[in-house]
Amino acid sequence: MCLTIPLKIKAIKKEMAELSDGRKVSIALIKSPRVGDWILHTNGYLIKKISSNEADEINKLLNSYSVADSTKISLRLVKTFEAAARGNLKKADIKYLLDLDRPIELQALYSEANIIRKTNIKDHICIHGLVEFSNHCCNNCHYCGLRRDNKKNNLFRMGIDEIINVCDQIVNDRGYKIIVLQSGDDFWYDDDKLTALVKGIKEKCRVFLYLSIGDRSLGTYRQLKRAGANGVLYRFETSNSELYAKLHPGKILKERLDNLRAMEKMGFTISTGSIIGLPGQTVDDLANDILLMKELGAFMPSMGPLIPSQNTPLAQAKIIDFNLLLKMIAAVRLVMPTARIPVTTAMETIGGADSRHQAFRAGANSVMFNLTPDKYRKHYNIYDNKFYDKEKKYEHWALFKGDLSYQMLEDELKVKI
Ligand code: SF4
């Protein structure tokens with residue numbers, strides 16, 4: 001579930017190893033550790049030996065920008081960091097951060113966010129597995145390739161047993177412990193089917209289960225919570241109600257927000273957030289998005305850039321600069337120091353191969369890997385040219401099996417699974 005910073009074994013005495021940072025951990029879980037070995041550790045145990053090349057790669061991934069020289073950044077930025085440290089960032093401060101463009105100040109912002117991430121949640125990178133199980137949708141959102149008026153999609157639906165079997169394999173064979181089940185708003189999956197799905201997964205797998213299934217009645221969500229679902233990934237998309245209404249025909253923002261608040265009361269862990277780069281969206285809107293994520297108690301604030309999709313009204317929309325995404329991540333980290341901020345596939349699609357690394361260094365700490373079966377994945381075209389990386393390295397480094405890794409996850413999420 002989590003990637004931690006590699007250390008070297010300095011000494012071994014009885015059942016304990018002393019590591020290069022001075023901490024002492026049990027060696028009970030790994031075979032024949034030796035002084036000089038690179039290792040990963042958690043909760044007081046060595047959990048994996050790794051090669052020095054792997055240690056280098058992980059260190060590069062987690063290493064931060066060097067701290068900017070505070071004499072070269074404006075007093076306003078210094079004061080803004082101080083306000084963040086007091087938990088007192090106002091909308092004007094957030095807008096100021098989102099408008100930064102001097103390289104030295106951007107570096108200072110990302111570095112500050114990364115330090116806050118390290119201070120509050122250490123070097124844990126949370127790993128989520130995403131399963132997209134249906135690309136049918138009854139809605140017509142202007143930016144989305146799955147909209148019902150796009151007749152060029154190859155439509156698919158996975159059966160209930162098929163989804164359960166995929167989750168079984170992901171959790172019990174590969175070691176994932178957090179799954180996001182995602183679909184369009186597809187009412188072929190009625191309450192009975194969804195309940196059977198959640199129960200079936202929870203019977204076979206010890207897993208934290210997020211649902212991303214769109215606008216359902218609160219009664220449905222209540223039933224799914226009782227069936228064992230843990231969280232919802234349900235973005236409000238934009239805090240600007242007029243923009244929301246324009247982009248989501250027949251929908252109003254208030255309903256979406258009322259649902260989120262009700263789901264939080266039901267006990268769901270909330271993941272929510274917005275799209276960055278919508279036509280007509282302003283910096284004021286983006287600052288409001290961040291404040292709304294906080295107000296809604298988003299455990300996992302979820303943001304992604306608008307990426308144009310063929311056969312949609314926004315097919316010709318412009319793609320935003322990647323730095324705006326990094327600024328959003330960093331600003332969210334300053335406002336919500338303990339949040340799990342994922343690097344989304346959409347971010348990687350516009351940011352390229354190094355974008356995950358850059359996002360971590362700007363305060364992100366979660367990844368979401370697409371585990372949809374190959375034959376379906378290519379048809380889940382929310383937007384064009386979707387990034388896809390086979391994540392074998394992360395599975396090797398960061399997914400452990402057994403009770404200890406569950407204990408680690410439960411400590412992180414503050415919830416029993
Ligand atoms: S964004 Fe979601 S609800 Fe809107 S069309 Fe796409 S899949 Fe459907």
# chains A, B, ... in the order shown; residues from 1 in each chain; ligands from 1
call {"tool": "residues_around", "arguments": {"residues": "Ser134 (chain A)", "least_positions_apart": "3", "cutoff": "10 Å", "atoms": "only C-alpha atoms", "output": "list in words"}}
result
Val131, Cys137, Leu146, Leu155, Phe156, Arg157, Met158, Gly159, Leu181, Gln182, Ser183, Gly184, Asp185, Asp186, Trp188, Tyr189, Ile213, Tyr376, Arg377, His379 and Tyr380 of chain A
call {"tool": "residues_near_ligand", "arguments": {"ligand": "ligand 1", "cutoff": "10 Å", "atoms": "only C-alpha atoms and all ligand atoms", "output": "VMD selection string"}}
result
chain A and resid 134 to 150 182 to 186 212 to 215 234 to 235 237 247 to 249 312 380 to 383
call {"tool": "select_by_dssp", "arguments": {"residues": "region 170-381 of chain A", "states": "helix (DSSP H, G or I)", "output": "PDB file with N, CA and C atoms, in the first residue's frame"}}
result
ATOM      1  N   ILE A 170      -6.645  -8.592  -7.870  1.00  0.00           N
ATOM      2  CA  ILE A 170      -5.873  -7.380  -7.557  1.00  0.00           C
ATOM      3  C   ILE A 170      -5.461  -7.359  -6.089  1.00  0.00           C
ATOM      4  N   VAL A 171      -6.394  -7.751  -5.225  1.00  0.00           N
ATOM      5  CA  VAL A 171      -6.118  -7.667  -3.780  1.00  0.00           C
ATOM      6  C   VAL A 171      -5.327  -8.885  -3.316  1.00  0.00           C
ATOM      7  N   ASN A 172      -5.845 -10.067  -3.628  1.00  0.00           N
ATOM      8  CA  ASN A 172      -5.256 -11.260  -3.012  1.00  0.00           C
ATOM      9  C   ASN A 172      -4.007 -11.764  -3.722  1.00  0.00           C
ATOM     10  N   ASP A 173      -3.867 -11.483  -5.027  1.00  0.00           N
ATOM     11  CA  ASP A 173      -2.639 -11.907  -5.715  1.00  0.00           C
ATOM     12  C   ASP A 173      -1.602 -10.787  -5.774  1.00  0.00           C
ATOM     13  N   ASP A 191     -29.755  -1.089  -7.527  1.00  0.00           N
ATOM     14  CA  ASP A 191     -29.343  -1.218  -6.119  1.00  0.00           C
ATOM     15  C   ASP A 191     -28.955  -2.659  -5.770  1.00  0.00           C
ATOM     16  N   ASP A 192     -29.755  -3.610  -6.279  1.00  0.00           N
ATOM     17  CA  ASP A 192     -29.469  -5.018  -5.932  1.00  0.00           C
ATOM     18  C   ASP A 192     -28.115  -5.449  -6.497  1.00  0.00           C
ATOM     19  N   LYS A 193     -27.874  -5.067  -7.753  1.00  0.00           N
ATOM     20  CA  LYS A 193     -26.596  -5.481  -8.375  1.00  0.00           C
ATOM     21  C   LYS A 193     -25.413  -4.829  -7.649  1.00  0.00           C
ATOM     22  N   LEU A 194     -25.556  -3.529  -7.351  1.00  0.00           N
ATOM     23  CA  LEU A 194     -24.437  -2.841  -6.691  1.00  0.00           C
ATOM     24  C   LEU A 194     -24.188  -3.407  -5.294  1.00  0.00           C
ATOM     25  N   THR A 195     -25.283  -3.721  -4.605  1.00  0.00           N
ATOM     26  CA  THR A 195     -25.126  -4.282  -3.255  1.00  0.00           C
ATOM     27  C   THR A 195     -24.442  -5.646  -3.330  1.00  0.00           C
ATOM     28  N   ALA A 196     -24.865  -6.447  -4.314  1.00  0.00           N
ATOM     29  CA  ALA A 196     -24.227  -7.769  -4.478  1.00  0.00           C
ATOM     30  C   ALA A 196     -22.749  -7.595  -4.812  1.00  0.00           C
ATOM     31  N   LEU A 197     -22.450  -6.575  -5.603  1.00  0.00           N
ATOM     32  CA  LEU A 197     -21.058  -6.318  -5.996  1.00  0.00           C
ATOM     33  C   LEU A 197     -20.207  -5.964  -4.766  1.00  0.00           C
ATOM     34  N   VAL A 198     -20.696  -5.014  -3.985  1.00  0.00           N
ATOM     35  CA  VAL A 198     -19.916  -4.574  -2.815  1.00  0.00           C
ATOM     36  C   VAL A 198     -19.759  -5.738  -1.828  1.00  0.00           C
ATOM     37  N   LYS A 199     -20.864  -6.434  -1.575  1.00  0.00           N
ATOM     38  CA  LYS A 199     -20.780  -7.556  -0.617  1.00  0.00           C
ATOM     39  C   LYS A 199     -19.834  -8.633  -1.131  1.00  0.00           C
ATOM     40  N   GLY A 200     -19.940  -8.930  -2.434  1.00  0.00           N
ATOM     41  CA  GLY A 200     -19.097  -9.980  -3.019  1.00  0.00           C
ATOM     42  C   GLY A 200     -17.623  -9.636  -2.883  1.00  0.00           C
ATOM     43  N   ILE A 201     -17.288  -8.375  -3.131  1.00  0.00           N
ATOM     44  CA  ILE A 201     -15.875  -7.966  -3.022  1.00  0.00           C
ATOM     45  C   ILE A 201     -15.425  -8.049  -1.569  1.00  0.00           C
ATOM     46  N   LYS A 202     -16.258  -7.544  -0.664  1.00  0.00           N
ATOM     47  CA  LYS A 202     -15.842  -7.505   0.742  1.00  0.00           C
ATOM     48  C   LYS A 202     -15.769  -8.910   1.349  1.00  0.00           C
ATOM     49  N   GLU A 203     -16.567  -9.832   0.799  1.00  0.00           N
ATOM     50  CA  GLU A 203     -16.457 -11.213   1.307  1.00  0.00           C
ATOM     51  C   GLU A 203     -15.141 -11.845   0.894  1.00  0.00           C
ATOM     52  N   LYS A 204     -14.693 -11.535  -0.324  1.00  0.00           N
ATOM     53  CA  LYS A 204     -13.470 -12.180  -0.832  1.00  0.00           C
ATOM     54  C   LYS A 204     -12.201 -11.424  -0.480  1.00  0.00           C
ATOM     55  N   LEU A 218     -29.603   8.942  -2.214  1.00  0.00           N
ATOM     56  CA  LEU A 218     -28.931   8.762  -0.921  1.00  0.00           C
ATOM     57  C   LEU A 218     -29.292   7.409  -0.324  1.00  0.00           C
ATOM     58  N   GLY A 219     -30.511   6.938  -0.640  1.00  0.00           N
ATOM     59  CA  GLY A 219     -30.912   5.604  -0.161  1.00  0.00           C
ATOM     60  C   GLY A 219     -29.970   4.541  -0.703  1.00  0.00           C
ATOM     61  N   THR A 220     -29.595   4.678  -1.984  1.00  0.00           N
ATOM     62  CA  THR A 220     -28.659   3.712  -2.582  1.00  0.00           C
ATOM     63  C   THR A 220     -27.315   3.771  -1.864  1.00  0.00           C
ATOM     64  N   TYR A 221     -26.821   4.986  -1.683  1.00  0.00           N
ATOM     65  CA  TYR A 221     -25.508   5.104  -1.026  1.00  0.00           C
ATOM     66  C   TYR A 221     -25.554   4.545   0.401  1.00  0.00           C
ATOM     67  N   ARG A 222     -26.678   4.783   1.084  1.00  0.00           N
ATOM     68  CA  ARG A 222     -26.799   4.264   2.461  1.00  0.00           C
ATOM     69  C   ARG A 222     -26.706   2.734   2.441  1.00  0.00           C
ATOM     70  N   GLN A 223     -27.412   2.144   1.474  1.00  0.00           N
ATOM     71  CA  GLN A 223     -27.423   0.682   1.359  1.00  0.00           C
ATOM     72  C   GLN A 223     -26.012   0.154   1.039  1.00  0.00           C
ATOM     73  N   LEU A 224     -25.296   0.885   0.186  1.00  0.00           N
ATOM     74  CA  LEU A 224     -23.951   0.437  -0.195  1.00  0.00           C
ATOM     75  C   LEU A 224     -22.966   0.604   0.962  1.00  0.00           C
ATOM     76  N   LYS A 225     -23.221   1.600   1.780  1.00  0.00           N
ATOM     77  CA  LYS A 225     -22.371   1.767   2.973  1.00  0.00           C
ATOM     78  C   LYS A 225     -22.580   0.570   3.897  1.00  0.00           C
ATOM     79  N   ARG A 226     -23.867   0.216   4.075  1.00  0.00           N
ATOM     80  CA  ARG A 226     -24.157  -0.941   4.946  1.00  0.00           C
ATOM     81  C   ARG A 226     -23.557  -2.221   4.371  1.00  0.00           C
ATOM     82  N   ALA A 227     -23.492  -2.299   3.035  1.00  0.00           N
ATOM     83  CA  ALA A 227     -22.938  -3.505   2.392  1.00  0.00           C
ATOM     84  C   ALA A 227     -21.421  -3.589   2.557  1.00  0.00           C
ATOM     85  N   SER A 241     -21.213  27.686  -9.545  1.00  0.00           N
ATOM     86  CA  SER A 241     -22.487  27.018  -9.839  1.00  0.00           C
ATOM     87  C   SER A 241     -22.975  27.300 -11.261  1.00  0.00           C
ATOM     88  N   GLU A 242     -22.674  28.502 -11.786  1.00  0.00           N
ATOM     89  CA  GLU A 242     -23.119  28.789 -13.170  1.00  0.00           C
ATOM     90  C   GLU A 242     -22.354  27.931 -14.169  1.00  0.00           C
ATOM     91  N   LEU A 243     -21.050  27.852 -13.951  1.00  0.00           N
ATOM     92  CA  LEU A 243     -20.219  27.033 -14.838  1.00  0.00           C
ATOM     93  C   LEU A 243     -20.650  25.566 -14.743  1.00  0.00           C
ATOM     94  N   TYR A 244     -20.938  25.143 -13.521  1.00  0.00           N
ATOM     95  CA  TYR A 244     -21.378  23.755 -13.316  1.00  0.00           C
ATOM     96  C   TYR A 244     -22.638  23.473 -14.145  1.00  0.00           C
ATOM     97  N   ALA A 245     -23.605  24.390 -14.046  1.00  0.00           N
ATOM     98  CA  ALA A 245     -24.876  24.175 -14.760  1.00  0.00           C
ATOM     99  C   ALA A 245     -24.654  24.157 -16.274  1.00  0.00           C
ATOM    100  N   LYS A 246     -23.730  25.004 -16.765  1.00  0.00           N
ATOM    101  CA  LYS A 246     -23.458  25.050 -18.208  1.00  0.00           C
ATOM    102  C   LYS A 246     -22.868  23.736 -18.711  1.00  0.00           C
ATOM    103  N   LEU A 247     -21.992  23.152 -17.903  1.00  0.00           N
ATOM    104  CA  LEU A 247     -21.251  21.971 -18.361  1.00  0.00           C
ATOM    105  C   LEU A 247     -21.970  20.657 -18.096  1.00  0.00           C
ATOM    106  N   LEU A 253     -25.301  22.334  -9.081  1.00  0.00           N
ATOM    107  CA  LEU A 253     -24.200  22.082  -8.143  1.00  0.00           C
ATOM    108  C   LEU A 253     -24.707  21.805  -6.733  1.00  0.00           C
ATOM    109  N   LYS A 254     -25.752  22.514  -6.333  1.00  0.00           N
ATOM    110  CA  LYS A 254     -26.217  22.388  -4.944  1.00  0.00           C
ATOM    111  C   LYS A 254     -26.548  20.929  -4.600  1.00  0.00           C
ATOM    112  N   GLU A 255     -27.166  20.250  -5.573  1.00  0.00           N
ATOM    113  CA  GLU A 255     -27.537  18.854  -5.326  1.00  0.00           C
ATOM    114  C   GLU A 255     -26.297  17.995  -5.079  1.00  0.00           C
ATOM    115  N   ARG A 256     -25.291  18.261  -5.903  1.00  0.00           N
ATOM    116  CA  ARG A 256     -24.038  17.501  -5.784  1.00  0.00           C
ATOM    117  C   ARG A 256     -23.426  17.733  -4.387  1.00  0.00           C
ATOM    118  N   LEU A 257     -23.429  18.983  -3.968  1.00  0.00           N
ATOM    119  CA  LEU A 257     -22.821  19.304  -2.668  1.00  0.00           C
ATOM    120  C   LEU A 257     -23.659  18.739  -1.520  1.00  0.00           C
ATOM    121  N   ASP A 258     -24.990  18.821  -1.663  1.00  0.00           N
ATOM    122  CA  ASP A 258     -25.854  18.238  -0.619  1.00  0.00           C
ATOM    123  C   ASP A 258     -25.567  16.743  -0.485  1.00  0.00           C
ATOM    124  N   ASN A 259     -25.396  16.082  -1.646  1.00  0.00           N
ATOM    125  CA  ASN A 259     -25.103  14.641  -1.608  1.00  0.00           C
ATOM    126  C   ASN A 259     -23.786  14.369  -0.888  1.00  0.00           C
ATOM    127  N   LEU A 260     -22.774  15.174  -1.218  1.00  0.00           N
ATOM    128  CA  LEU A 260     -21.466  14.964  -0.581  1.00  0.00           C
ATOM    129  C   LEU A 260     -21.565  15.108   0.938  1.00  0.00           C
ATOM    130  N   ARG A 261     -22.292  16.132   1.364  1.00  0.00           N
ATOM    131  CA  ARG A 261     -22.410  16.356   2.816  1.00  0.00           C
ATOM    132  C   ARG A 261     -23.164  15.199   3.468  1.00  0.00           C
ATOM    133  N   ALA A 262     -24.193  14.710   2.765  1.00  0.00           N
ATOM    134  CA  ALA A 262     -24.964  13.587   3.328  1.00  0.00           C
ATOM    135  C   ALA A 262     -24.105  12.322   3.371  1.00  0.00           C
ATOM    136  N   MET A 263     -23.297  12.106   2.340  1.00  0.00           N
ATOM    137  CA  MET A 263     -22.443  10.903   2.314  1.00  0.00           C
ATOM    138  C   MET A 263     -21.421  10.947   3.450  1.00  0.00           C
ATOM    139  N   GLU A 264     -20.920  12.142   3.710  1.00  0.00           N
ATOM    140  CA  GLU A 264     -19.951  12.265   4.802  1.00  0.00           C
ATOM    141  C   GLU A 264     -20.619  11.885   6.120  1.00  0.00           C
ATOM    142  N   LYS A 265     -21.871  12.336   6.291  1.00  0.00           N
ATOM    143  CA  LYS A 265     -22.608  11.991   7.526  1.00  0.00           C
ATOM    144  C   LYS A 265     -22.864  10.487   7.617  1.00  0.00           C
ATOM    145  N   MET A 266     -23.020   9.831   6.458  1.00  0.00           N
ATOM    146  CA  MET A 266     -23.242   8.372   6.472  1.00  0.00           C
ATOM    147  C   MET A 266     -21.992   7.615   6.901  1.00  0.00           C
ATOM    148  N   VAL A 283      -9.112  32.160 -11.715  1.00  0.00           N
ATOM    149  CA  VAL A 283      -8.288  31.828 -10.539  1.00  0.00           C
ATOM    150  C   VAL A 283      -9.143  31.916  -9.271  1.00  0.00           C
ATOM    151  N   ASP A 284     -10.079  32.852  -9.277  1.00  0.00           N
ATOM    152  CA  ASP A 284     -11.002  32.970  -8.150  1.00  0.00           C
ATOM    153  C   ASP A 284     -11.771  31.647  -7.966  1.00  0.00           C
ATOM    154  N   ASP A 285     -12.236  31.071  -9.089  1.00  0.00           N
ATOM    155  CA  ASP A 285     -12.949  29.779  -9.016  1.00  0.00           C
ATOM    156  C   ASP A 285     -12.039  28.697  -8.434  1.00  0.00           C
ATOM    157  N   LEU A 286     -10.786  28.673  -8.899  1.00  0.00           N
ATOM    158  CA  LEU A 286      -9.872  27.615  -8.439  1.00  0.00           C
ATOM    159  C   LEU A 286      -9.596  27.743  -6.938  1.00  0.00           C
ATOM    160  N   ALA A 287      -9.456  28.989  -6.478  1.00  0.00           N
ATOM    161  CA  ALA A 287      -9.247  29.193  -5.035  1.00  0.00           C
ATOM    162  C   ALA A 287     -10.491  28.719  -4.273  1.00  0.00           C
ATOM    163  N   ASN A 288     -11.670  29.029  -4.829  1.00  0.00           N
ATOM    164  CA  ASN A 288     -12.905  28.541  -4.187  1.00  0.00           C
ATOM    165  C   ASN A 288     -12.971  27.014  -4.191  1.00  0.00           C
ATOM    166  N   ASP A 289     -12.481  26.400  -5.276  1.00  0.00           N
ATOM    167  CA  ASP A 289     -12.465  24.920  -5.334  1.00  0.00           C
ATOM    168  C   ASP A 289     -11.673  24.365  -4.148  1.00  0.00           C
ATOM    169  N   ILE A 290     -10.507  24.960  -3.914  1.00  0.00           N
ATOM    170  CA  ILE A 290      -9.651  24.454  -2.830  1.00  0.00           C
ATOM    171  C   ILE A 290     -10.351  24.623  -1.478  1.00  0.00           C
ATOM    172  N   LEU A 291     -10.948  25.795  -1.287  1.00  0.00           N
ATOM    173  CA  LEU A 291     -11.633  26.021   0.002  1.00  0.00           C
ATOM    174  C   LEU A 291     -12.831  25.081   0.162  1.00  0.00           C
ATOM    175  N   LEU A 292     -13.478  24.767  -0.969  1.00  0.00           N
ATOM    176  CA  LEU A 292     -14.622  23.853  -0.894  1.00  0.00           C
ATOM    177  C   LEU A 292     -14.170  22.423  -0.571  1.00  0.00           C
ATOM    178  N   MET A 293     -13.040  22.007  -1.149  1.00  0.00           N
ATOM    179  CA  MET A 293     -12.509  20.668  -0.813  1.00  0.00           C
ATOM    180  C   MET A 293     -12.283  20.579   0.694  1.00  0.00           C
ATOM    181  N   LYS A 294     -11.731  21.665   1.241  1.00  0.00           N
ATOM    182  CA  LYS A 294     -11.462  21.663   2.681  1.00  0.00           C
ATOM    183  C   LYS A 294     -12.772  21.617   3.466  1.00  0.00           C
ATOM    184  N   GLU A 295     -13.707  22.483   3.062  1.00  0.00           N
ATOM    185  CA  GLU A 295     -14.977  22.553   3.798  1.00  0.00           C
ATOM    186  C   GLU A 295     -15.708  21.208   3.778  1.00  0.00           C
ATOM    187  N   PHE A 322       1.164  22.755 -17.243  1.00  0.00           N
ATOM    188  CA  PHE A 322       1.342  21.775 -16.164  1.00  0.00           C
ATOM    189  C   PHE A 322       1.661  22.448 -14.824  1.00  0.00           C
ATOM    190  N   ASN A 323       2.323  23.611 -14.900  1.00  0.00           N
ATOM    191  CA  ASN A 323       2.654  24.307 -13.651  1.00  0.00           C
ATOM    192  C   ASN A 323       1.414  24.719 -12.863  1.00  0.00           C
ATOM    193  N   LEU A 324       0.305  24.989 -13.566  1.00  0.00           N
ATOM    194  CA  LEU A 324      -0.910  25.347 -12.823  1.00  0.00           C
ATOM    195  C   LEU A 324      -1.378  24.152 -11.984  1.00  0.00           C
ATOM    196  N   LEU A 325      -1.216  22.955 -12.538  1.00  0.00           N
ATOM    197  CA  LEU A 325      -1.578  21.753 -11.772  1.00  0.00           C
ATOM    198  C   LEU A 325      -0.696  21.609 -10.540  1.00  0.00           C
ATOM    199  N   LEU A 326       0.609  21.823 -10.755  1.00  0.00           N
ATOM    200  CA  LEU A 326       1.530  21.707  -9.613  1.00  0.00           C
ATOM    201  C   LEU A 326       1.196  22.763  -8.561  1.00  0.00           C
ATOM    202  N   LYS A 327       0.837  23.961  -9.018  1.00  0.00           N
ATOM    203  CA  LYS A 327       0.480  25.018  -8.052  1.00  0.00           C
ATOM    204  C   LYS A 327      -0.782  24.624  -7.282  1.00  0.00           C
ATOM    205  N   MET A 328      -1.743  24.012  -7.984  1.00  0.00           N
ATOM    206  CA  MET A 328      -2.965  23.570  -7.287  1.00  0.00           C
ATOM    207  C   MET A 328      -2.617  22.515  -6.234  1.00  0.00           C
ATOM    208  N   ILE A 329      -1.781  21.551  -6.618  1.00  0.00           N
ATOM    209  CA  ILE A 329      -1.391  20.506  -5.655  1.00  0.00           C
ATOM    210  C   ILE A 329      -0.726  21.154  -4.441  1.00  0.00           C
ATOM    211  N   ALA A 330       0.218  22.057  -4.710  1.00  0.00           N
ATOM    212  CA  ALA A 330       0.965  22.679  -3.613  1.00  0.00           C
ATOM    213  C   ALA A 330       0.036  23.516  -2.734  1.00  0.00           C
ATOM    214  N   ALA A 331      -0.876  24.262  -3.366  1.00  0.00           N
ATOM    215  CA  ALA A 331      -1.787  25.101  -2.575  1.00  0.00           C
ATOM    216  C   ALA A 331      -2.711  24.227  -1.725  1.00  0.00           C
ATOM    217  N   VAL A 332      -3.182  23.109  -2.297  1.00  0.00           N
ATOM    218  CA  VAL A 332      -4.026  22.199  -1.504  1.00  0.00           C
ATOM    219  C   VAL A 332      -3.220  21.660  -0.320  1.00  0.00           C
ATOM    220  N   ARG A 333      -1.964  21.328  -0.572  1.00  0.00           N
ATOM    221  CA  ARG A 333      -1.136  20.812   0.534  1.00  0.00           C
ATOM    222  C   ARG A 333      -0.990  21.861   1.636  1.00  0.00           C
ATOM    223  N   LEU A 334      -0.844  23.130   1.253  1.00  0.00           N
ATOM    224  CA  LEU A 334      -0.706  24.183   2.271  1.00  0.00           C
ATOM    225  C   LEU A 334      -2.006  24.358   3.060  1.00  0.00           C
ATOM    226  N   VAL A 335      -3.134  24.182   2.376  1.00  0.00           N
ATOM    227  CA  VAL A 335      -4.434  24.371   3.040  1.00  0.00           C
ATOM    228  C   VAL A 335      -4.831  23.117   3.832  1.00  0.00           C
ATOM    229  N   THR A 345      -4.300  10.141 -13.411  1.00  0.00           N
ATOM    230  CA  THR A 345      -3.881   9.750 -14.759  1.00  0.00           C
ATOM    231  C   THR A 345      -3.936  10.948 -15.703  1.00  0.00           C
ATOM    232  N   ALA A 346      -4.953  11.804 -15.503  1.00  0.00           N
ATOM    233  CA  ALA A 346      -5.074  12.972 -16.391  1.00  0.00           C
ATOM    234  C   ALA A 346      -3.865  13.892 -16.227  1.00  0.00           C
ATOM    235  N   MET A 347      -3.370  14.035 -14.989  1.00  0.00           N
ATOM    236  CA  MET A 347      -2.169  14.855 -14.778  1.00  0.00           C
ATOM    237  C   MET A 347      -1.000  14.257 -15.550  1.00  0.00           C
ATOM    238  N   GLU A 348      -0.881  12.919 -15.469  1.00  0.00           N
ATOM    239  CA  GLU A 348       0.247  12.265 -16.137  1.00  0.00           C
ATOM    240  C   GLU A 348       0.100  12.346 -17.649  1.00  0.00           C
ATOM    241  N   THR A 349      -1.143  12.402 -18.111  1.00  0.00           N
ATOM    242  CA  THR A 349      -1.370  12.486 -19.553  1.00  0.00           C
ATOM    243  C   THR A 349      -0.838  13.799 -20.105  1.00  0.00           C
ATOM    244  N   ILE A 350      -1.014  14.895 -19.357  1.00  0.00           N
ATOM    245  CA  ILE A 350      -0.488  16.155 -19.916  1.00  0.00           C
ATOM    246  C   ILE A 350       0.937  16.442 -19.446  1.00  0.00           C
ATOM    247  N   GLY A 351       1.363  15.838 -18.332  1.00  0.00           N
ATOM    248  CA  GLY A 351       2.670  16.189 -17.772  1.00  0.00           C
ATOM    249  C   GLY A 351       3.809  15.312 -18.251  1.00  0.00           C
ATOM    250  N   SER A 355       6.020  13.503 -14.679  1.00  0.00           N
ATOM    251  CA  SER A 355       5.035  14.318 -13.967  1.00  0.00           C
ATOM    252  C   SER A 355       4.720  13.780 -12.569  1.00  0.00           C
ATOM    253  N   ARG A 356       4.752  12.450 -12.428  1.00  0.00           N
ATOM    254  CA  ARG A 356       4.442  11.877 -11.110  1.00  0.00           C
ATOM    255  C   ARG A 356       5.484  12.345 -10.093  1.00  0.00           C
ATOM    256  N   HIS A 357       6.730  12.289 -10.532  1.00  0.00           N
ATOM    257  CA  HIS A 357       7.827  12.722  -9.683  1.00  0.00           C
ATOM    258  C   HIS A 357       7.657  14.198  -9.300  1.00  0.00           C
ATOM    259  N   GLN A 358       7.358  15.024 -10.304  1.00  0.00           N
ATOM    260  CA  GLN A 358       7.192  16.462 -10.032  1.00  0.00           C
ATOM    261  C   GLN A 358       6.026  16.715  -9.077  1.00  0.00           C
ATOM    262  N   ALA A 359       4.945  15.963  -9.265  1.00  0.00           N
ATOM    263  CA  ALA A 359       3.771  16.160  -8.399  1.00  0.00           C
ATOM    264  C   ALA A 359       4.087  15.753  -6.961  1.00  0.00           C
ATOM    265  N   PHE A 360       4.835  14.659  -6.781  1.00  0.00           N
ATOM    266  CA  PHE A 360       5.233  14.269  -5.416  1.00  0.00           C
ATOM    267  C   PHE A 360       6.043  15.386  -4.773  1.00  0.00           C
ATOM    268  N   ARG A 361       6.932  15.975  -5.586  1.00  0.00           N
ATOM    269  CA  ARG A 361       7.808  17.007  -5.026  1.00  0.00           C
ATOM    270  C   ARG A 361       7.069  18.321  -4.802  1.00  0.00           C
ATOM    271  N   ASP A 374      -7.287  -5.229 -19.730  1.00  0.00           N
ATOM    272  CA  ASP A 374      -6.842  -4.638 -21.006  1.00  0.00           C
ATOM    273  C   ASP A 374      -7.965  -4.490 -22.030  1.00  0.00           C
ATOM    274  N   LYS A 375      -8.797  -5.527 -22.134  1.00  0.00           N
ATOM    275  CA  LYS A 375      -9.790  -5.500 -23.218  1.00  0.00           C
ATOM    276  C   LYS A 375     -10.816  -4.383 -23.029  1.00  0.00           C
ATOM    277  N   TYR A 376     -10.968  -3.878 -21.803  1.00  0.00           N
ATOM    278  CA  TYR A 376     -11.926  -2.794 -21.566  1.00  0.00           C
ATOM    279  C   TYR A 376     -11.252  -1.428 -21.484  1.00  0.00           C
ATOM    280  N   ARG A 377     -10.015  -1.422 -20.996  1.00  0.00           N
ATOM    281  CA  ARG A 377      -9.377  -0.136 -20.663  1.00  0.00           C
ATOM    282  C   ARG A 377      -9.395   0.839 -21.833  1.00  0.00           C
TER     283      ARG A 377
END
call {"tool": "residues_around", "arguments": {"residues": "region 297-300 of chain A", "least_positions_apart": "4", "cutoff": "8 Å", "atoms": "only C-alpha atoms", "output": "list in words"}}
result
Thr269, Ile270, Ser271, Thr272, Gly273, Met293, Ala339, Arg340, Ile341 and Pro342 of chain A
call {"tool": "residues_around", "arguments": {"residues": "region 45-50 of chain A", "least_positions_apart": "4", "cutoff": "6 Å", "atoms": "only C-alpha atoms", "output": "list of chain:residue names"}}
result
A:Val25, A:Ser26, A:Ile27, A:Trp38, A:Ile39, A:Leu40, A:His41
call {"tool": "select_by_dssp", "arguments": {"residues": "region 238-299 of chain A", "states": "strand (DSSP E)", "output": "MDAnalysis selection string"}}
result
chainID A and resid 269:272 275:276
call {"tool": "atom_distance", "arguments": {"atom1": "CA of Arg102 (chain A)", "atom2": "CA of Phe81 (chain A)"}}
result
16.3 Å
call {"tool": "atom_distance", "arguments": {"atom1": "CA of Ser366 (chain A)", "atom2": "CA of Ile125 (chain A)"}}
result
5.1 Å
